[in-house]
Every structure is written in structure tokens, then in C-alpha cells.
$ cat model_7.txt   # compact mmCIF, N, CA and C atoms
# COMPACT_ATOMS: atom_id res chain seq x y z
N MET A 10 15.37 -5.06 -5.19
CA MET A 10 16.45 -5.44 -4.31
C MET A 10 16.39 -4.66 -3.00
N ARG A 11 16.03 -3.40 -3.06
CA ARG A 11 15.96 -2.55 -1.87
C ARG A 11 14.91 -3.09 -0.88
N ILE A 12 13.76 -3.51 -1.38
CA ILE A 12 12.71 -4.03 -0.51
C ILE A 12 13.19 -5.28 0.20
N LYS A 13 13.88 -6.16 -0.52
CA LYS A 13 14.42 -7.38 0.09
C LYS A 13 15.40 -7.03 1.20
N ASP A 14 16.27 -6.07 0.96
CA ASP A 14 17.22 -5.64 1.98
C ASP A 14 16.51 -5.06 3.19
N ASP A 15 15.47 -4.26 2.94
CA ASP A 15 14.69 -3.67 4.03
C ASP A 15 14.02 -4.75 4.86
N MET A 16 13.46 -5.77 4.20
CA MET A 16 12.78 -6.86 4.91
C MET A 16 13.77 -7.67 5.74
N GLU A 17 14.96 -7.91 5.20
CA GLU A 17 15.98 -8.65 5.96
C GLU A 17 16.41 -7.87 7.19
N ALA A 18 16.57 -6.57 7.05
CA ALA A 18 16.94 -5.74 8.19
C ALA A 18 15.81 -5.72 9.22
N PHE A 19 14.58 -5.61 8.77
CA PHE A 19 13.42 -5.63 9.67
C PHE A 19 13.37 -6.94 10.44
N ASN A 20 13.54 -8.05 9.72
CA ASN A 20 13.49 -9.37 10.35
C ASN A 20 14.60 -9.57 11.37
N ARG A 21 15.73 -8.96 11.14
CA ARG A 21 16.85 -9.09 12.05
C ARG A 21 16.57 -8.46 13.41
N TYR A 22 15.76 -7.40 13.42
CA TYR A 22 15.54 -6.64 14.65
C TYR A 22 14.16 -6.84 15.26
N HIS A 23 13.36 -7.74 14.72
CA HIS A 23 12.03 -8.00 15.26
C HIS A 23 11.83 -9.50 15.44
N THR A 24 11.12 -9.86 16.49
CA THR A 24 10.84 -11.28 16.72
C THR A 24 9.77 -11.74 15.74
N GLU A 25 9.66 -13.04 15.61
CA GLU A 25 8.64 -13.62 14.73
C GLU A 25 7.25 -13.15 15.14
N GLU A 26 6.99 -13.10 16.44
CA GLU A 26 5.69 -12.67 16.94
C GLU A 26 5.41 -11.21 16.59
N GLU A 27 6.42 -10.35 16.70
CA GLU A 27 6.25 -8.94 16.34
C GLU A 27 5.94 -8.79 14.86
N ILE A 28 6.59 -9.57 14.04
CA ILE A 28 6.34 -9.51 12.60
C ILE A 28 4.91 -9.93 12.30
N ILE A 29 4.45 -10.99 12.95
CA ILE A 29 3.07 -11.45 12.75
C ILE A 29 2.09 -10.38 13.22
N GLU A 30 2.34 -9.78 14.40
CA GLU A 30 1.46 -8.74 14.93
C GLU A 30 1.37 -7.56 13.97
N LYS A 31 2.51 -7.10 13.49
CA LYS A 31 2.51 -5.96 12.57
C LYS A 31 1.80 -6.30 11.26
N SER A 32 1.96 -7.53 10.79
CA SER A 32 1.28 -7.97 9.58
C SER A 32 -0.24 -8.01 9.79
N ILE A 33 -0.66 -8.50 10.96
CA ILE A 33 -2.10 -8.55 11.27
C ILE A 33 -2.68 -7.16 11.30
N ILE A 34 -2.01 -6.24 11.97
CA ILE A 34 -2.51 -4.87 12.07
C ILE A 34 -2.61 -4.24 10.69
N TYR A 35 -1.58 -4.43 9.87
CA TYR A 35 -1.60 -3.86 8.52
C TYR A 35 -2.73 -4.45 7.68
N LEU A 36 -2.85 -5.78 7.66
CA LEU A 36 -3.87 -6.41 6.83
C LEU A 36 -5.28 -6.10 7.34
N ASP A 37 -5.43 -5.98 8.66
CA ASP A 37 -6.73 -5.61 9.22
C ASP A 37 -7.13 -4.21 8.78
N SER A 38 -6.16 -3.31 8.68
CA SER A 38 -6.45 -1.94 8.24
C SER A 38 -6.89 -1.91 6.78
N LYS A 39 -6.56 -2.95 6.03
CA LYS A 39 -6.97 -3.05 4.63
C LYS A 39 -8.29 -3.81 4.48
N ALA A 40 -8.97 -4.07 5.60
CA ALA A 40 -10.31 -4.68 5.65
C ALA A 40 -10.35 -6.14 5.20
N TYR A 41 -9.26 -6.86 5.42
CA TYR A 41 -9.28 -8.30 5.15
C TYR A 41 -9.98 -9.00 6.31
N SER A 42 -10.62 -10.11 6.03
CA SER A 42 -11.28 -10.89 7.08
C SER A 42 -10.23 -11.65 7.89
N ARG A 43 -10.63 -12.17 9.03
CA ARG A 43 -9.73 -12.93 9.90
C ARG A 43 -9.13 -14.10 9.13
N GLU A 44 -9.97 -14.83 8.40
CA GLU A 44 -9.50 -15.99 7.65
C GLU A 44 -8.51 -15.60 6.56
N GLU A 45 -8.80 -14.50 5.85
CA GLU A 45 -7.89 -14.03 4.79
C GLU A 45 -6.54 -13.63 5.37
N ILE A 46 -6.57 -12.96 6.52
CA ILE A 46 -5.33 -12.53 7.16
C ILE A 46 -4.49 -13.74 7.55
N ILE A 47 -5.13 -14.73 8.17
CA ILE A 47 -4.42 -15.93 8.58
C ILE A 47 -3.83 -16.64 7.37
N GLU A 48 -4.59 -16.75 6.28
CA GLU A 48 -4.09 -17.40 5.06
C GLU A 48 -2.89 -16.66 4.48
N LYS A 49 -2.97 -15.32 4.41
CA LYS A 49 -1.89 -14.54 3.83
C LYS A 49 -0.60 -14.65 4.65
N ILE A 50 -0.72 -14.57 5.96
CA ILE A 50 0.47 -14.66 6.81
C ILE A 50 1.03 -16.08 6.76
N ASP A 51 0.15 -17.08 6.74
CA ASP A 51 0.61 -18.47 6.65
C ASP A 51 1.38 -18.71 5.36
N ALA A 52 0.98 -18.05 4.28
CA ALA A 52 1.67 -18.19 3.01
C ALA A 52 3.07 -17.56 3.06
N MET A 53 3.24 -16.53 3.90
CA MET A 53 4.53 -15.84 4.01
C MET A 53 5.46 -16.49 5.02
N MET A 54 4.89 -17.06 6.07
CA MET A 54 5.71 -17.57 7.17
C MET A 54 5.29 -19.00 7.51
N ASP A 55 6.21 -19.79 7.90
CA ASP A 55 5.93 -21.18 8.23
C ASP A 55 5.84 -21.35 9.75
N VAL A 56 4.77 -20.80 10.34
CA VAL A 56 4.62 -20.88 11.79
C VAL A 56 3.36 -21.65 12.20
N GLY A 57 2.49 -21.91 11.27
CA GLY A 57 1.27 -22.64 11.57
C GLY A 57 0.07 -21.72 11.76
N LYS A 58 -1.03 -22.12 11.19
CA LYS A 58 -2.24 -21.30 11.24
C LYS A 58 -2.76 -21.13 12.67
N GLU A 59 -2.58 -22.15 13.51
CA GLU A 59 -3.07 -22.06 14.89
C GLU A 59 -2.35 -20.95 15.66
N ARG A 60 -1.05 -20.87 15.47
CA ARG A 60 -0.27 -19.82 16.15
C ARG A 60 -0.66 -18.45 15.64
N ILE A 61 -0.84 -18.33 14.34
CA ILE A 61 -1.27 -17.05 13.76
C ILE A 61 -2.63 -16.67 14.30
N ALA A 62 -3.55 -17.64 14.37
CA ALA A 62 -4.90 -17.37 14.88
C ALA A 62 -4.84 -16.92 16.34
N ASP A 63 -3.99 -17.55 17.14
CA ASP A 63 -3.86 -17.16 18.55
C ASP A 63 -3.36 -15.72 18.67
N ILE A 64 -2.35 -15.37 17.88
CA ILE A 64 -1.82 -14.01 17.91
C ILE A 64 -2.86 -13.03 17.40
N TYR A 65 -3.59 -13.41 16.36
CA TYR A 65 -4.66 -12.56 15.83
C TYR A 65 -5.67 -12.24 16.93
N ASP A 66 -6.09 -13.27 17.66
CA ASP A 66 -7.09 -13.08 18.71
C ASP A 66 -6.58 -12.15 19.81
N LEU A 67 -5.28 -12.20 20.10
CA LEU A 67 -4.71 -11.30 21.10
C LEU A 67 -4.61 -9.86 20.59
N VAL A 68 -4.24 -9.72 19.33
CA VAL A 68 -4.05 -8.38 18.76
C VAL A 68 -5.38 -7.69 18.48
N ILE A 69 -6.31 -8.42 17.91
CA ILE A 69 -7.60 -7.84 17.52
C ILE A 69 -8.65 -8.23 18.57
N SER A 70 -8.49 -7.70 19.76
CA SER A 70 -9.49 -7.96 20.80
C SER A 70 -9.66 -6.75 21.68
$ encode --input "model_7.txt" --output "C-alpha cells"
Amino acid sequence: MRIKDDMEAFNRYHTEEEIIEKSIIYLDSKAYSREEIIEKIDAMMDVGKERIADIYDLVIS
């Protein structure tokens, strides 16, 4: 329950793009490939793989 509350508070104070950026940075640090990162974020958020890929390219460049 605590994690859910923390995530709701985090989402309240961060934009969708910031959440995606932070997720990309975290997953990249765990040595996931670009495709794996895009798939994992797409499974969590309904923003579209193209948008995630665009943000990925901006963050990891």
C-alpha cells in the first residue's frame, strides 16, 4: 500500500514526460536494451511506443 501511495504522490508532482525520462534512466542503468525499455514503459503507461522512443532518443544521446 505504501508503494502505491508513493507512486500516486510522485505522479501528482511530475509530468508524464518526466516520469518517462526517469524510468528510461533507471532502466538504462539496469542494462536493458532500448527495445526492452520501450516495451516495459509501454506496458506501464498508455502513451504510445513512438513517443517513448522519441523521449528515449533525447535522454540517451
$ atom_distance --input "model_7.txt" --atom1 "atom CA of Tyr41 of chain A" --atom2 "atom CA of Tyr65 of chain A"
12.4 Å
$ residues_around --input "model_7.txt" --residues "Asp66 of chain A" --least-positions-apart "3" --cutoff "12 Å" --atoms "only C-alpha atoms" --output "ChimeraX atom specification"
/A:29-30,33-34,43-44,46-47,59-63,69-70
$ atom_distance --input "model_7.txt" --atom1 "atom N of Ala40 of chain A" --atom2 "atom C of Ile64 of chain A"
16.0 Å
$ select_by_dssp --input "model_7.txt" --residues "chain A" --states "helix (DSSP H, G or I)" --output "PyMOL selection string"
chain A and resi 11-22+25-38+43-53+58-68
$ atom_distance --input "model_7.txt" --atom1 "atom CA of Lys49 of chain A" --atom2 "atom C of Ala18 of chain A"
20.5 Å
